There are 2 protein chains.
Amino acid sequence: MALIVQKYGGTSVGSIDRIRNVANRIQIERDKGNQIVAVISAMGGVTDKLIGLAGELSDNPTEREMDVLLSSGEQQSIALLAIALNEMGIDAVSATGRQAGIVTSGSHTRGRIERIEPTLVNRFLSEDRTVVVAGFQGITEDGMIHTLGRGGSDLSAIAVASAVKADLCQILTDVDGVYTADPRVVKKARKLPEISYDELLELASVGTKVMQSRSVEFAKKYGVKFEVRSSLNNNPGTIVTEEHEAMESVVIRGVSIERSQARVTITGIPDTPGMSGRILGALADAEVNIDMIVSNIASDGMARHSFTMHTSDLGRAQSALKPVLAELNELGGEAGIETEAGIAKLSCVGIGMRSHSGVAAKMFNAMGEAGINIGMISTSEIKISVTVEEDQIEEAARVVHTAFGLDA
Amino acid sequence: MALIVQKYGGTSVGSIDRIRNVANRIQIERDKGNQIVAVISAMGGVTDKLIGLAGELSDNPTEREMDVLLSSGEQQSIALLAIALNEMGIDAVSATGRQAGIVTSGSHTRGRIERIEPTLVNRFLSEDRTVVVAGFQGITEDGMIHTLGRGGSDLSAIAVASAVKADLCQILTDVDGVYTADPRVVKKARKLPEISYDELLELASVGTKVMQSRSVEFAKKYGVKFEVRSSLNNNPGTIVTEEHEAMESVVIRGVSIERSQARVTITGIPDTPGMSGRILGALADAEVNIDMIVSNIASDGMARHSFTMHTSDLGRAQSALKPVLAELNELGGEAGIETEAGIAKLSCVGIGMRSHSGVAAKMFNAMGEAGINIGMISTSEIKISVTVEEDQIEEAARVVHTAFGLDA
């Protein structure tokens with residue numbers, strides 16, 4: 001007998017029929033003798049409908065009241081799922097974020113989970129009842145309702161799993177698990193049986209949108225092992241866990257790509273302190289999200305900075321940098337700006353690269369043999385990212401995937 | 001500056017436009033310098049929709065979960081009204097039943113208000129904020145969600161008014177106030193400026209459905225003066241309050257009628273103890289709601305019992321009484337049963353009748369002069385009820401209304 005926390009998203013509980021399906025899945029676990037805590041989102045569409053109602057009253061509705069409004073959505077779905085379970089003869093009981101003891105801090109509409117006080121959930125479990133917990137919501141120390149923002153239900157599930165010391169936390173979603181690459185791009189991509197928190201974080205940050213980073217970070221912090229699996233079938237998914245020695249035998253866990261990138265390079269920057277800060281400050285003020293940053297000194301003794309960003313930010317970046325160029329020239333520079341759209345980013349991620357040398361060389365060679373030119377290069381401890389022409393990105397992903405023996 | 005608790009029902013907040021109207025009404029009070037606590041219901045139709053969803057999952061959904069489900073309705077309306085008020089520049093804040101400290105006991109779907117802990121509401125008021133409280137819901141001592149059942153929002157408003165020591169509690173509804181009679185029947189009916197709790201209770205129990213009796217009883221118990229008025233106009237309504245001496249100068253406060261009544265008379269009951277208990281017990285077991293009860297001894301030394309009930313209960317009453325008749329005859333009776341449908345009940349209510357004699361005579365004379373025959377008669381301290389043929393009930397109401405000087 002195991003204690004399992006299962007998280008179901010809004011799509012999984014998006015209609016009465018789907019709620020019944022979720023109830024059936026829970027019944028299967030009950031029949032195996034497992035105890036279940038289901039953490040669920042609002043029925044798909046309900047949140048948007050409520051946002052629409054508020055929008056009719058105000059262009060800028062109070063965030064405190066939006067939290068009260070939107071948290072009603074999960075209150076409905078938990079009651080309905082509990083009713084469906086009861087109808088099947090399963091002794092189930094719902095718990096709002098408050099009842100589940102999800103204590104938050106931070107701002108309205110983007111609360112942070114501070115801790116879980118699982119007294120009531122534990123009491124229900126000790127009575128061998130199935131508990132249906134409202135995800136996405138919590139309560140502040142002084143009793144105000146918070147929602148947790150995007151991906152909040154995943155976070156709730158992982159936090160509850162930690163608090164009730166669950167044997168396993170399952171994130172049931174519309175993907176089958178975590179793959180070595182996007183199967184739509186790399187036909188030979190394989191589903192990973194296992195991945196470390198850090199690897200998933202690096203993959204998530206470069207476009208494999210399985211989960212929000214903060215949920216993975218939370219799981220890592222509290223050592224909650226969880227499984228990402230499909231809510232539509234019974235296939236095993238991917239276990240996300242702390243890294244262990246055996247994991248290092250795999251050099252690269254996965255390859256991910258990000259399209260629609262653009263590069264901005266500023267040339268002729270005087271090589272004096274404070275220049276980078278001015279440039280990055282101007283971009284931050286203009287709310288341009290910068291991804292890769294590469295900097296070096298050119299033959300003329302001046303510095304060059306290159307950044308990547310999403311193509312849609314390129315115009316804003318250029319406008320923001322114009323006054324900075326003038327400033328740099330007043331300080332003795334010969335600043336110019338180069339821009340390039342139509343590029344993409346390829347990243348290889350794996351904790352194994354720490355203990356294996358020559359990973360970058362292998363990656364670059366594979367691409368070179370395929371005639372793919374590399375633009376910028378950026379590395380972290382467990383990730384190597386490069387930019388290539390966007391029309392070559394799929395081919396690049398495939399050859400790198402093959403080179404590291406990831407093909408099925 | 002006064003502190004006013006205003007209660008708005010589901011119709012008053014039934015659409016975004018109506019929520020805006022309620023916000024406008026509150027603004028008018030704020031502009032006068034008054035502080036407002038608004039106690040509101042779910043948007044009209046939302047509760048029925050949620051009941052429908054639960055009904056798709058179960059014919060008999062768990063009551064605990066229905067409370068969780070339905071209480072989400074007010075959670076939405078309070079947030080939306082607070083957003084509407086904020087948009088108008090009014091510093092308003094919502095409070096769920098739990099946040100407003102509405103502590104309940106009893107069963108799910110029909111909780112009873114045990115007490116109010118208005119700490120948070122008082123804090124908001126001390127900050128001069130407008131508070132929007134969810135009616136119809138509360139929380140048990142151990143943190144479970146309760147709804148209060150029919151008329152629950154009125155009850156919430158009166159309880160909150162008592163707890164925050166409001167200067168006035170206004171029940172804003174779709175009627176203008178309490179009338180001396182139903183204006184659709186008695187054209188000359190007048191709106192009462194004032195009525196006592198007991199009078200309203202007696203009128204409510206005989207068909208003038210302004211409010212649920214338990215809300216009036218609660219107000220009486222805690223001495224909460226409240227006003228029943230329209231949410232559609234600004235006319236003064238009717239103040240419901242403790243009786244005071246001046247009220248007794250009016251003999252009859254109002255006249256009310258109840259149609260579709262039936263009479264059952266059991267004759268030939270042996271005049272020994274315990275007979276009434278058997279008869280009434282059988283009717284109670286069959287869930288027949290009995291209204292008037294009249295009993296006397298006939299010339300043959302046997303007792304006769306007559307009851308009135310709604311016509312729809314008549315069949316069930318007859319079936320339930322059949323075995324009782326046989327029992328009575330075994331005990332020496334000569335029991336028979338007479339039934340009569342197509343009657344109606346007329347009641348005169350007024351605390352003034354305590355100190356004025358001849359009230360019954362005046363009432364009966366008026367009816368006699370109009371050629372209206374009286375069937376059963378029943379009296380309480382502040383009420384006289386009679387039955388008449390149903391097709392004479394309207395005429396009866398008019399002549400009695402005139403006889404007691406109630407006409408406009």
# chains A, B, ... in the order shown; residues from 1 in each chain; ligands from 1
>>> interface_residues(of="chain A", to="chain B", cutoff="6 Å", atoms="only C-alpha atoms", output="list in words")
Leu57, Ser58, Pro61, Glu65, Val68, Leu69, Ser72, Gln76, Ala79, Ile83, Ala84 and Glu87 of chain A
>>> calpha_fit_and_write(fixed="chain A", moving="chain B", output="short mmCIF file (atom, residue, chain, number, x, y, z; two decimals) with C-alpha atoms, in the first residue's frame")
data_model
loop_
_atom_site.label_atom_id
_atom_site.label_comp_id
_atom_site.auth_asym_id
_atom_site.auth_seq_id
_atom_site.Cartn_x
_atom_site.Cartn_y
_atom_site.Cartn_z
CA MET B 1 0.09 0.11 0.21
CA ALA B 2 1.44 3.45 -0.89
CA LEU B 3 0.35 7.04 -0.31
CA ILE B 4 0.18 8.73 -3.71
CA VAL B 5 -0.47 12.38 -4.50
CA GLN B 6 -1.99 12.75 -7.97
CA LYS B 7 -2.31 16.09 -9.70
CA TYR B 8 -4.94 16.54 -12.42
CA GLY B 9 -5.01 19.71 -14.52
CA GLY B 10 -7.97 21.72 -15.81
CA THR B 11 -8.27 19.68 -19.01
CA SER B 12 -8.44 16.40 -17.07
CA VAL B 13 -11.42 17.71 -15.07
CA GLY B 14 -12.85 19.83 -17.88
CA SER B 15 -16.27 18.19 -18.04
CA ILE B 16 -18.54 16.00 -15.96
CA ASP B 17 -17.45 12.97 -18.02
CA ARG B 18 -13.80 13.74 -17.47
CA ILE B 19 -14.35 14.20 -13.74
CA ARG B 20 -15.89 10.72 -13.79
CA ASN B 21 -12.79 9.43 -15.63
CA VAL B 22 -10.54 10.89 -12.96
CA ALA B 23 -12.72 9.22 -10.32
CA ASN B 24 -12.25 5.92 -12.18
CA ARG B 25 -8.49 6.34 -12.20
CA ILE B 26 -8.53 7.01 -8.47
CA GLN B 27 -10.70 3.93 -7.92
CA ILE B 28 -8.09 1.78 -9.69
CA GLU B 29 -5.46 2.98 -7.21
CA ARG B 30 -7.82 2.44 -4.27
CA ASP B 31 -8.48 -1.09 -5.49
CA LYS B 32 -4.72 -1.71 -5.38
CA GLY B 33 -4.83 -0.64 -1.74
CA ASN B 34 -3.19 2.74 -2.27
CA GLN B 35 -4.23 5.93 -0.53
CA ILE B 36 -4.79 8.93 -2.76
CA VAL B 37 -4.62 12.66 -2.32
CA ALA B 38 -5.82 14.24 -5.58
CA VAL B 39 -4.77 17.85 -6.17
CA ILE B 40 -6.85 19.35 -8.95
CA SER B 41 -7.31 22.52 -10.96
CA ALA B 42 -10.53 24.31 -11.88
CA MET B 43 -12.57 22.77 -14.71
CA GLY B 44 -11.05 23.85 -18.02
CA GLY B 45 -12.67 27.08 -19.21
CA VAL B 46 -14.08 28.13 -15.83
CA THR B 47 -11.14 30.36 -15.00
CA ASP B 48 -11.34 32.11 -18.37
CA LYS B 49 -15.06 32.63 -17.93
CA LEU B 50 -14.56 34.22 -14.52
CA ILE B 51 -11.79 36.44 -15.87
CA GLY B 52 -14.24 37.50 -18.58
CA LEU B 53 -16.90 38.48 -16.02
CA ALA B 54 -14.38 40.54 -14.06
CA GLY B 55 -13.24 42.11 -17.33
CA GLU B 56 -16.78 43.34 -17.96
CA LEU B 57 -16.59 45.28 -14.71
CA SER B 58 -13.05 46.59 -14.89
CA ASP B 59 -10.07 46.72 -17.24
CA ASN B 60 -7.86 46.31 -14.26
CA PRO B 61 -9.70 44.33 -11.58
CA THR B 62 -8.25 44.32 -8.08
CA GLU B 63 -5.84 41.42 -7.67
CA ARG B 64 -7.08 40.61 -4.18
CA GLU B 65 -10.60 40.13 -5.54
CA MET B 66 -9.39 38.18 -8.57
CA ASP B 67 -7.93 35.69 -6.12
CA VAL B 68 -11.27 35.38 -4.31
CA LEU B 69 -13.04 35.03 -7.66
CA LEU B 70 -10.72 32.53 -9.34
CA SER B 71 -10.21 30.32 -6.30
CA SER B 72 -13.93 29.55 -6.48
CA GLY B 73 -13.16 27.51 -9.60
CA GLU B 74 -11.19 24.82 -7.78
CA GLN B 75 -13.71 24.89 -4.96
CA GLN B 76 -16.28 23.71 -7.49
CA SER B 77 -14.09 21.05 -9.08
CA ILE B 78 -12.98 19.50 -5.77
CA ALA B 79 -16.61 19.23 -4.63
CA LEU B 80 -17.67 17.67 -7.93
CA LEU B 81 -14.83 15.12 -7.92
CA ALA B 82 -15.61 14.22 -4.31
CA ILE B 83 -19.27 13.75 -5.28
CA ALA B 84 -18.24 11.53 -8.21
CA LEU B 85 -16.04 9.43 -5.90
CA ASN B 86 -18.74 9.18 -3.25
CA GLU B 87 -21.18 8.04 -5.92
CA MET B 88 -18.76 5.17 -6.70
CA GLY B 89 -18.73 4.19 -3.06
CA ILE B 90 -15.33 5.72 -2.31
CA ASP B 91 -15.20 7.67 0.93
CA ALA B 92 -13.79 10.93 -0.41
CA VAL B 93 -13.74 14.40 1.02
CA SER B 94 -12.69 17.74 -0.45
CA ALA B 95 -10.34 20.34 1.04
CA THR B 96 -9.92 23.92 -0.13
CA GLY B 97 -6.44 25.43 -0.14
CA ARG B 98 -7.15 26.80 3.28
CA GLN B 99 -8.45 23.52 4.66
CA ALA B 100 -5.41 21.72 3.23
CA GLY B 101 -3.24 24.20 5.14
CA ILE B 102 -1.51 25.68 2.11
CA VAL B 103 0.01 28.83 3.63
CA THR B 104 1.30 31.41 1.18
CA SER B 105 3.17 34.68 1.12
CA GLY B 106 3.93 37.18 -1.62
CA SER B 107 1.50 39.05 -3.84
CA HIS B 108 -2.06 38.36 -4.83
CA THR B 109 -2.44 36.36 -8.11
CA ARG B 110 1.13 35.05 -7.69
CA GLY B 111 1.38 33.75 -4.14
CA ARG B 112 4.33 31.66 -3.01
CA ILE B 113 3.85 28.56 -0.91
CA GLU B 114 5.41 29.25 2.46
CA ARG B 115 4.55 25.95 4.13
CA ILE B 116 1.86 23.29 4.38
CA GLU B 117 -0.01 22.53 7.59
CA PRO B 118 -1.50 19.14 6.69
CA THR B 119 -3.39 18.51 9.95
CA LEU B 120 -6.77 18.07 8.31
CA VAL B 121 -5.47 16.11 5.32
CA ASN B 122 -3.57 13.79 7.66
CA ARG B 123 -6.69 13.34 9.77
CA PHE B 124 -8.69 12.35 6.68
CA LEU B 125 -5.92 9.96 5.59
CA SER B 126 -5.78 8.38 9.03
CA GLU B 127 -9.49 7.66 8.55
CA ASP B 128 -8.52 6.02 5.24
CA ARG B 129 -10.45 8.59 3.21
CA THR B 130 -9.51 9.85 -0.23
CA VAL B 131 -8.76 13.57 -0.13
CA VAL B 132 -9.41 15.98 -3.00
CA VAL B 133 -7.38 19.16 -2.56
CA ALA B 134 -7.86 22.44 -4.43
CA GLY B 135 -4.67 23.26 -6.32
CA PHE B 136 -3.55 26.74 -7.34
CA GLN B 137 -4.74 28.37 -4.11
CA GLY B 138 -3.66 29.03 -0.58
CA ILE B 139 -4.20 31.35 2.31
CA THR B 140 -1.96 34.01 3.83
CA GLU B 141 -1.02 34.06 7.50
CA ASP B 142 -3.81 36.57 8.11
CA GLY B 143 -6.48 34.57 6.29
CA MET B 144 -6.58 36.19 2.84
CA ILE B 145 -7.06 34.03 -0.25
CA HIS B 146 -4.13 33.73 -2.65
CA THR B 147 -3.82 32.08 -6.02
CA LEU B 148 -0.42 30.81 -7.03
CA GLY B 149 -0.25 31.94 -10.64
CA ARG B 150 0.67 29.82 -13.67
CA GLY B 151 1.55 26.22 -12.93
CA GLY B 152 0.30 26.71 -9.40
CA SER B 153 -1.49 23.39 -9.21
CA ASP B 154 1.72 21.47 -9.91
CA LEU B 155 3.31 23.42 -7.11
CA SER B 156 0.40 22.63 -4.77
CA ALA B 157 0.70 18.92 -5.56
CA ILE B 158 4.42 18.80 -4.92
CA ALA B 159 4.11 20.80 -1.70
CA VAL B 160 1.28 18.61 -0.43
CA ALA B 161 3.24 15.46 -1.35
CA SER B 162 6.15 16.75 0.68
CA ALA B 163 3.95 17.66 3.66
CA VAL B 164 2.10 14.34 3.86
CA LYS B 165 5.31 12.41 3.12
CA ALA B 166 3.78 10.76 0.07
CA ASP B 167 5.51 7.76 -1.43
CA LEU B 168 5.01 9.24 -4.89
CA CYS B 169 3.67 12.36 -6.52
CA GLN B 170 2.18 11.92 -9.99
CA ILE B 171 1.69 14.93 -12.24
CA LEU B 172 -1.00 13.74 -14.67
CA THR B 173 -0.98 15.87 -17.76
CA ASP B 174 -1.48 15.84 -21.51
CA VAL B 175 2.10 14.72 -22.24
CA ASP B 176 3.34 11.21 -21.79
CA GLY B 177 6.49 12.14 -19.92
CA VAL B 178 9.79 13.82 -20.66
CA TYR B 179 11.44 12.93 -23.97
CA THR B 180 15.04 13.08 -25.16
CA ALA B 181 13.80 15.62 -27.71
CA ASP B 182 10.53 16.91 -29.09
CA PRO B 183 9.13 13.84 -30.92
CA ARG B 184 7.53 16.12 -33.52
CA VAL B 185 11.04 17.22 -34.54
CA VAL B 186 13.15 14.20 -33.76
CA LYS B 187 11.24 11.08 -34.80
CA LYS B 188 13.66 8.84 -32.92
CA ALA B 189 13.14 10.64 -29.59
CA ARG B 190 12.64 8.34 -26.61
CA LYS B 191 10.67 8.81 -23.42
CA LEU B 192 13.06 9.03 -20.47
CA PRO B 193 12.36 6.68 -17.56
CA GLU B 194 14.15 9.08 -15.25
CA ILE B 195 15.62 12.59 -15.21
CA SER B 196 17.21 14.76 -12.53
CA TYR B 197 15.65 17.99 -11.29
CA ASP B 198 18.52 20.03 -12.73
CA GLU B 199 18.25 18.43 -16.13
CA LEU B 200 14.50 19.03 -16.27
CA LEU B 201 15.05 22.63 -15.15
CA GLU B 202 17.56 23.21 -17.94
CA LEU B 203 15.31 21.52 -20.49
CA ALA B 204 12.28 23.45 -19.24
CA SER B 205 14.10 26.74 -19.52
CA VAL B 206 14.89 26.07 -23.14
CA GLY B 207 11.48 25.19 -24.42
CA THR B 208 10.42 21.74 -23.28
CA LYS B 209 7.36 23.01 -21.44
CA VAL B 210 6.50 20.06 -19.27
CA MET B 211 6.27 22.04 -16.05
CA GLN B 212 6.90 25.49 -14.72
CA SER B 213 10.45 25.84 -13.40
CA ARG B 214 9.35 26.92 -9.94
CA SER B 215 7.49 23.65 -9.38
CA VAL B 216 10.63 21.70 -10.27
CA GLU B 217 12.74 23.96 -8.08
CA PHE B 218 10.33 23.44 -5.20
CA ALA B 219 10.49 19.65 -5.68
CA LYS B 220 14.27 19.81 -5.74
CA LYS B 221 14.43 21.94 -2.61
CA TYR B 222 12.23 19.55 -0.63
CA GLY B 223 13.45 16.36 -2.31
CA VAL B 224 10.04 15.36 -3.66
CA LYS B 225 10.34 12.62 -6.28
CA PHE B 226 7.56 12.98 -8.83
CA GLU B 227 6.38 11.32 -12.02
CA VAL B 228 5.16 13.16 -15.11
CA ARG B 229 2.64 10.93 -16.87
CA SER B 230 -0.39 11.04 -19.12
CA SER B 231 -3.90 11.36 -17.72
CA LEU B 232 -5.20 9.68 -20.88
CA ASN B 233 -3.48 6.30 -20.66
CA ASN B 234 -1.77 4.06 -18.13
CA ASN B 235 1.76 4.15 -19.53
CA PRO B 236 4.53 4.79 -17.07
CA GLY B 237 5.85 8.33 -17.37
CA THR B 238 9.13 9.93 -16.39
CA ILE B 239 10.36 9.99 -12.81
CA VAL B 240 11.95 13.28 -11.83
CA THR B 241 14.33 12.82 -8.94
CA GLU B 242 17.61 13.78 -7.32
CA GLU B 243 20.59 12.85 -9.42
CA HIS B 244 22.40 9.68 -8.54
CA GLU B 245 25.62 8.12 -9.75
CA ALA B 246 24.10 5.87 -12.39
CA MET B 247 22.69 8.90 -14.14
CA GLU B 248 26.16 10.18 -14.94
CA SER B 249 26.84 7.31 -17.31
CA VAL B 250 24.53 9.08 -19.73
CA VAL B 251 26.39 12.08 -21.10
CA ILE B 252 23.42 13.91 -22.58
CA ARG B 253 19.90 13.40 -21.24
CA GLY B 254 18.14 15.40 -23.89
CA VAL B 255 18.24 17.91 -26.66
CA SER B 256 15.92 20.87 -26.86
CA ILE B 257 15.38 23.67 -29.30
CA GLU B 258 13.99 27.17 -29.16
CA ARG B 259 12.88 28.93 -32.32
CA SER B 260 12.22 32.57 -33.22
CA GLN B 261 15.37 33.87 -31.63
CA ALA B 262 17.22 37.06 -32.49
CA ARG B 263 20.73 38.29 -31.78
CA VAL B 264 21.81 41.82 -30.97
CA THR B 265 25.54 42.60 -30.96
CA ILE B 266 26.97 45.87 -29.74
CA THR B 267 30.45 46.58 -31.09
CA GLY B 268 33.02 49.23 -30.18
CA ILE B 269 32.34 49.29 -26.46
CA PRO B 270 35.12 51.05 -24.51
CA ASP B 271 36.89 48.44 -22.37
CA THR B 272 36.21 50.13 -19.05
CA PRO B 273 34.18 48.95 -16.02
CA GLY B 274 30.45 49.57 -15.87
CA MET B 275 29.68 49.32 -19.59
CA SER B 276 27.90 45.95 -19.43
CA GLY B 277 25.77 47.17 -16.57
CA ARG B 278 24.57 50.15 -18.58
CA ILE B 279 23.67 48.04 -21.56
CA LEU B 280 21.90 45.30 -19.61
CA GLY B 281 20.21 47.86 -17.39
CA ALA B 282 18.70 49.61 -20.41
CA LEU B 283 17.37 46.27 -21.70
CA ALA B 284 15.97 45.32 -18.32
CA ASP B 285 14.22 48.69 -18.02
CA ALA B 286 12.61 48.03 -21.39
CA GLU B 287 11.50 44.59 -20.11
CA VAL B 288 13.47 42.73 -22.77
CA ASN B 289 14.06 39.14 -21.66
CA ILE B 290 17.64 38.25 -22.54
CA ASP B 291 18.73 34.65 -22.85
CA MET B 292 22.34 34.00 -23.92
CA ILE B 293 25.01 36.61 -23.23
CA VAL B 294 28.43 36.39 -24.92
CA SER B 295 31.14 38.96 -24.58
CA ASN B 296 34.74 39.30 -25.74
CA ILE B 297 37.41 41.78 -26.78
CA ALA B 298 37.90 42.44 -30.50
CA SER B 299 41.24 43.11 -32.21
CA ASP B 300 40.73 46.86 -31.91
CA GLY B 301 40.83 46.61 -28.10
CA MET B 302 37.13 47.43 -27.85
CA ALA B 303 34.61 44.99 -26.36
CA ARG B 304 31.70 43.28 -28.18
CA HIS B 305 28.56 42.09 -26.39
CA SER B 306 26.05 39.74 -28.01
CA PHE B 307 22.65 38.78 -26.61
CA THR B 308 19.88 36.55 -27.75
CA MET B 309 16.20 37.22 -27.17
CA HIS B 310 12.86 36.28 -28.64
CA THR B 311 12.32 37.90 -32.04
CA SER B 312 9.31 39.78 -30.73
CA ASP B 313 11.59 41.68 -28.31
CA LEU B 314 14.00 42.82 -31.00
CA GLY B 315 12.37 46.16 -31.82
CA ARG B 316 12.06 47.11 -28.18
CA ALA B 317 15.70 46.16 -27.60
CA GLN B 318 16.94 48.36 -30.46
CA SER B 319 14.97 51.37 -29.21
CA ALA B 320 16.23 50.89 -25.68
CA LEU B 321 19.85 50.62 -26.81
CA LYS B 322 19.91 53.76 -28.99
CA PRO B 323 20.60 56.24 -26.16
CA VAL B 324 23.11 53.82 -24.64
CA LEU B 325 25.22 53.84 -27.83
CA ALA B 326 25.52 57.63 -27.66
CA GLU B 327 26.60 57.36 -24.04
CA LEU B 328 29.24 54.76 -24.86
CA ASN B 329 30.67 57.00 -27.58
CA GLU B 330 30.90 59.93 -25.19
CA LEU B 331 33.01 57.66 -23.01
CA GLY B 332 35.47 57.01 -25.88
CA GLY B 333 33.74 54.17 -27.65
CA GLU B 334 32.95 53.63 -31.30
CA ALA B 335 29.71 51.88 -30.58
CA GLY B 336 27.62 50.29 -33.28
CA ILE B 337 24.75 47.80 -33.23
CA GLU B 338 24.25 44.65 -35.35
CA THR B 339 21.03 42.68 -35.27
CA GLU B 340 20.11 39.30 -36.68
CA ALA B 341 16.70 37.66 -36.58
CA GLY B 342 15.79 34.21 -37.94
CA ILE B 343 18.02 32.18 -35.69
CA ALA B 344 17.25 29.39 -33.24
CA LYS B 345 18.90 27.86 -30.23
CA LEU B 346 19.90 24.25 -29.70
CA SER B 347 20.77 22.97 -26.22
CA CYS B 348 22.19 19.70 -25.00
CA VAL B 349 21.51 18.99 -21.34
CA GLY B 350 22.93 16.29 -19.09
CA ILE B 351 24.54 15.98 -15.70
CA GLY B 352 26.84 13.39 -17.29
CA MET B 353 28.75 16.10 -19.14
CA ARG B 354 30.35 17.12 -15.84
CA SER B 355 32.38 13.92 -15.81
CA HIS B 356 32.82 13.44 -19.57
CA SER B 357 35.19 15.65 -21.55
CA GLY B 358 34.85 16.42 -25.20
CA VAL B 359 31.10 16.86 -25.13
CA ALA B 360 31.22 20.24 -26.85
CA ALA B 361 33.64 18.93 -29.47
CA LYS B 362 31.39 15.96 -30.22
CA MET B 363 28.36 18.24 -30.55
CA PHE B 364 30.11 20.76 -32.80
CA ASN B 365 31.64 18.03 -34.98
CA ALA B 366 28.27 16.45 -35.57
CA MET B 367 26.87 19.76 -36.67
CA GLY B 368 29.91 20.58 -38.78
CA GLU B 369 29.67 17.28 -40.63
CA ALA B 370 26.07 18.13 -41.43
CA GLY B 371 27.17 21.49 -42.78
CA ILE B 372 25.47 23.46 -40.04
CA ASN B 373 27.22 26.66 -39.03
CA ILE B 374 27.32 27.60 -35.36
CA GLY B 375 26.76 31.20 -34.23
CA MET B 376 26.95 31.99 -30.56
CA ILE B 377 28.00 29.42 -27.97
CA SER B 378 27.14 29.44 -24.31
CA THR B 379 27.77 26.79 -21.69
CA SER B 380 26.73 26.02 -18.15
CA GLU B 381 27.75 23.14 -15.94
CA ILE B 382 25.19 20.74 -17.42
CA LYS B 383 24.19 22.49 -20.65
CA ILE B 384 25.73 23.58 -23.92
CA SER B 385 23.71 25.95 -26.10
CA VAL B 386 24.46 27.19 -29.59
CA THR B 387 22.63 29.32 -32.10
CA VAL B 388 22.12 28.23 -35.72
CA GLU B 389 20.09 29.51 -38.66
CA GLU B 390 16.46 28.81 -37.86
CA ASP B 391 15.92 26.76 -41.03
CA GLN B 392 18.66 24.35 -39.90
CA ILE B 393 17.47 23.85 -36.33
CA GLU B 394 15.53 20.63 -36.89
CA GLU B 395 18.36 18.99 -38.77
CA ALA B 396 20.75 20.15 -36.05
CA ALA B 397 18.58 18.57 -33.35
CA ARG B 398 18.49 15.26 -35.24
CA VAL B 399 22.22 14.97 -35.86
CA VAL B 400 23.09 15.88 -32.27
CA HIS B 401 20.48 13.44 -30.97
CA THR B 402 22.07 10.69 -33.06
CA ALA B 403 25.63 11.67 -32.17
CA PHE B 404 25.01 11.22 -28.45
CA GLY B 405 23.35 7.86 -28.94
CA LEU B 406 19.92 9.08 -27.87
CA ASP B 407 18.04 7.59 -30.86
CA ALA B 408 15.52 4.90 -30.12
#
>>> select_by_dssp(residues="stretch 114-231 of chain B", states="alpha helix (DSSP H)", output="ChimeraX atom specification")
/B:119-126,152-163,197-205,213-222
>>> select_by_dssp(residues="stretch 153-349 of chain A", states="strand (DSSP E)", output="JSON, numbers by chain")
{"A": [168, 169, 170, 171, 172, 173, 194, 195, 196, 226, 227, 228, 229, 230, 238, 239, 240, 241, 254, 255, 256, 257, 258, 259, 260, 261, 262, 263, 264, 265, 266, 267, 268, 269, 290, 291, 292, 293, 294, 295, 296, 297, 303, 304, 305, 306, 307, 308, 309, 310, 336, 337, 338, 339, 340, 341, 342, 343, 344, 345, 346, 347, 348, 349]}
